[in-house]
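Worksheet: one structure, shown below.
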Amino acid sequence: MKQVLEKIEEYKKQFEEELNKIESLKAFEELRVKYLGRKAGIVKSLLDLLRTVDREFKPKLGQEINKFKVFVEQSLKEAGETIKKKQQELEEKKKFFDITLPGFKGLEGGKHPLTITRELIEEIFVSMGYDIASGPEVESDWYNFEALGIPKTHPARDTQDTFYISEDVVLRTHTSNVQIHVMKTRKPPFKVIMPGRVYRKDADITHSPMFHQIEGLVVGENITFQDLKGTLDTFLKKLFGEKARLRLRPSFFPFTEPSAEVDVSCIMCGGEGCRVCKGSGWLEILGAGMVDPVVFENVGYDPEKVTGFAFGLGVERIAMLKYGISDIRLFFDNDIRFLKQFR
Ligand SMILES: [Zn+2]
């Protein structure tokens with residue numbers, strides 16, 4: 001009898017220790033089975049022991065075993081509730097969402113400075129009644145050179161400048177090829193601008209092997225040099241502001257006659273002279289001229305009936321001036337620190 005009572009005391013201590021260690025519902029269930037299991041539980045083994053003791057001790061011992069049983073049941077009940085509560089709190093914590101926390105701001109995309117510049121130029125010409133046309137970047141020799149009056153011997157055809165795909169196919173060296181496509185498919189009068197990528201073997205801080213041009217072409221009856229000058233004057237004032245002044249210098253292009261180099265009064269110093277304009281007060285910005293009658297003949301127009309003018313400019317050049325960028329390579333490095341400044 002004494003041994004059994006001692007055993008109960010021992011079990012009680014052991015149970016309390018084990019109960020304290022419990023953290024999960026699974027461990028809790030295992031503990032319950034260990035003590036209260038109907039087949040092999042500790043309480044059951046004590047009751048089995050009860051059968052073996054002398055009759056006189058049975059009531060007292062039975063009471064003790066029952067007390068132990070109630071104690072275990074009660075303790076488990078309380079502990080079970082605590083564990084359940086803890087787990088519920090944990091679940092709630094997981095679900096908790098602080099709506100007052102500031103959100104994470106994702107990286108916002110923006111337009112490339114060259115796209116912004118191109119769209120700005122397009123907008124100006126569209127507001128003046130121009131259509132936008134495009135043409136192939138991989139071009140036949142005839143469209144890129146021959147039809148524009150650039151003979152085989154012209155320096156522009158030097159392999160130093162041109163990327164040849166094959167003997168008769170090139171990466172276009174200018175957007176002027178689109179002039180030919182437009183004239184072969186349209187009847188005058190029309191006004192078009194032709195933006196696009198062009199390619200030349202050239203690379204330094206102001207030249208990139210791929211860059212962007214916008215070409216303009218106006219063809220109709222009685223189109224004069226004065227129309228060209230007026231158009232460019234309006235364009236430059238819309239692009240750089242009302243104070244911008246225009247200057248024309250005689251020049252040569254194979255597909256225009258007469259031809260002019262077009263300067264704008266320096267947008268940095270207003271014409272006073274500075275580092276950007278190298279002290280001259282002027283910035284070279286466009287090439288232009290009256291369409292050479294030979295070009296009209298090449299596309300089947302009658303040069304006696306129609307006249308026209310063409311002009312071309314570099315988008316990078318305008319963007320560099322407008323944003324004060326000194327190295328053309330910045331446009332193509334894809335450095336997000338540079339690009340994100342142009343939102
Ligand atoms: Zn200047």
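Note on naming: chains are A, B, ... as they come in the structure tokens, residues start from 1 per chain, ligands start from 1 in the order shown.
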At most 10 Å from ligand 1 (only C-alpha atoms and all ligand atoms): residue list as a count of residues only
19
Residues within 6 Å of range 209-220 of chain A, please, as a list in words. Count only C-alpha atoms; anything in the same chain fewer than 5 positions from it doesn't count.
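The filter keeps Pro188, Pro189, Phe190, Lys191, Val192, Ile193, Met194, Pro195, Gly196, Arg197, Val198, Tyr199, Arg200, Lys201, Asp202, Ala203, Val306, Thr307, Gly308, Phe309, Ala310, Phe311, Gly312, Leu313, Gly314 and Val315 of chain A.
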Strand (DSSP E) residues, from DSSP on the backbone, in range 70-221 of chain A, as a PyMOL selection string
chain A and resi 131-132+138-140+169-171+190-199+210-220
Which residues are close to Lys152 in chain A, i.e. within 12 Å by only C-alpha atoms, leaving aside same-chain residues fewer than 5 positions away? Reply as a PyMOL selection string.
chain A and resi 141-142+144-147+157-159+167-168
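Closest approach to Ser75 in chain A among A:Glu119, A:Glu16, A:Asp98, A:Glu23 is made by A:Glu16 (distances from only C-alpha atoms).
In this comparison, which uses only C-alpha atoms, the residue of A:Leu25, A:Leu49, A:Leu90, A:Val182 approaching Ala133 in chain A most closely is A:Val182.
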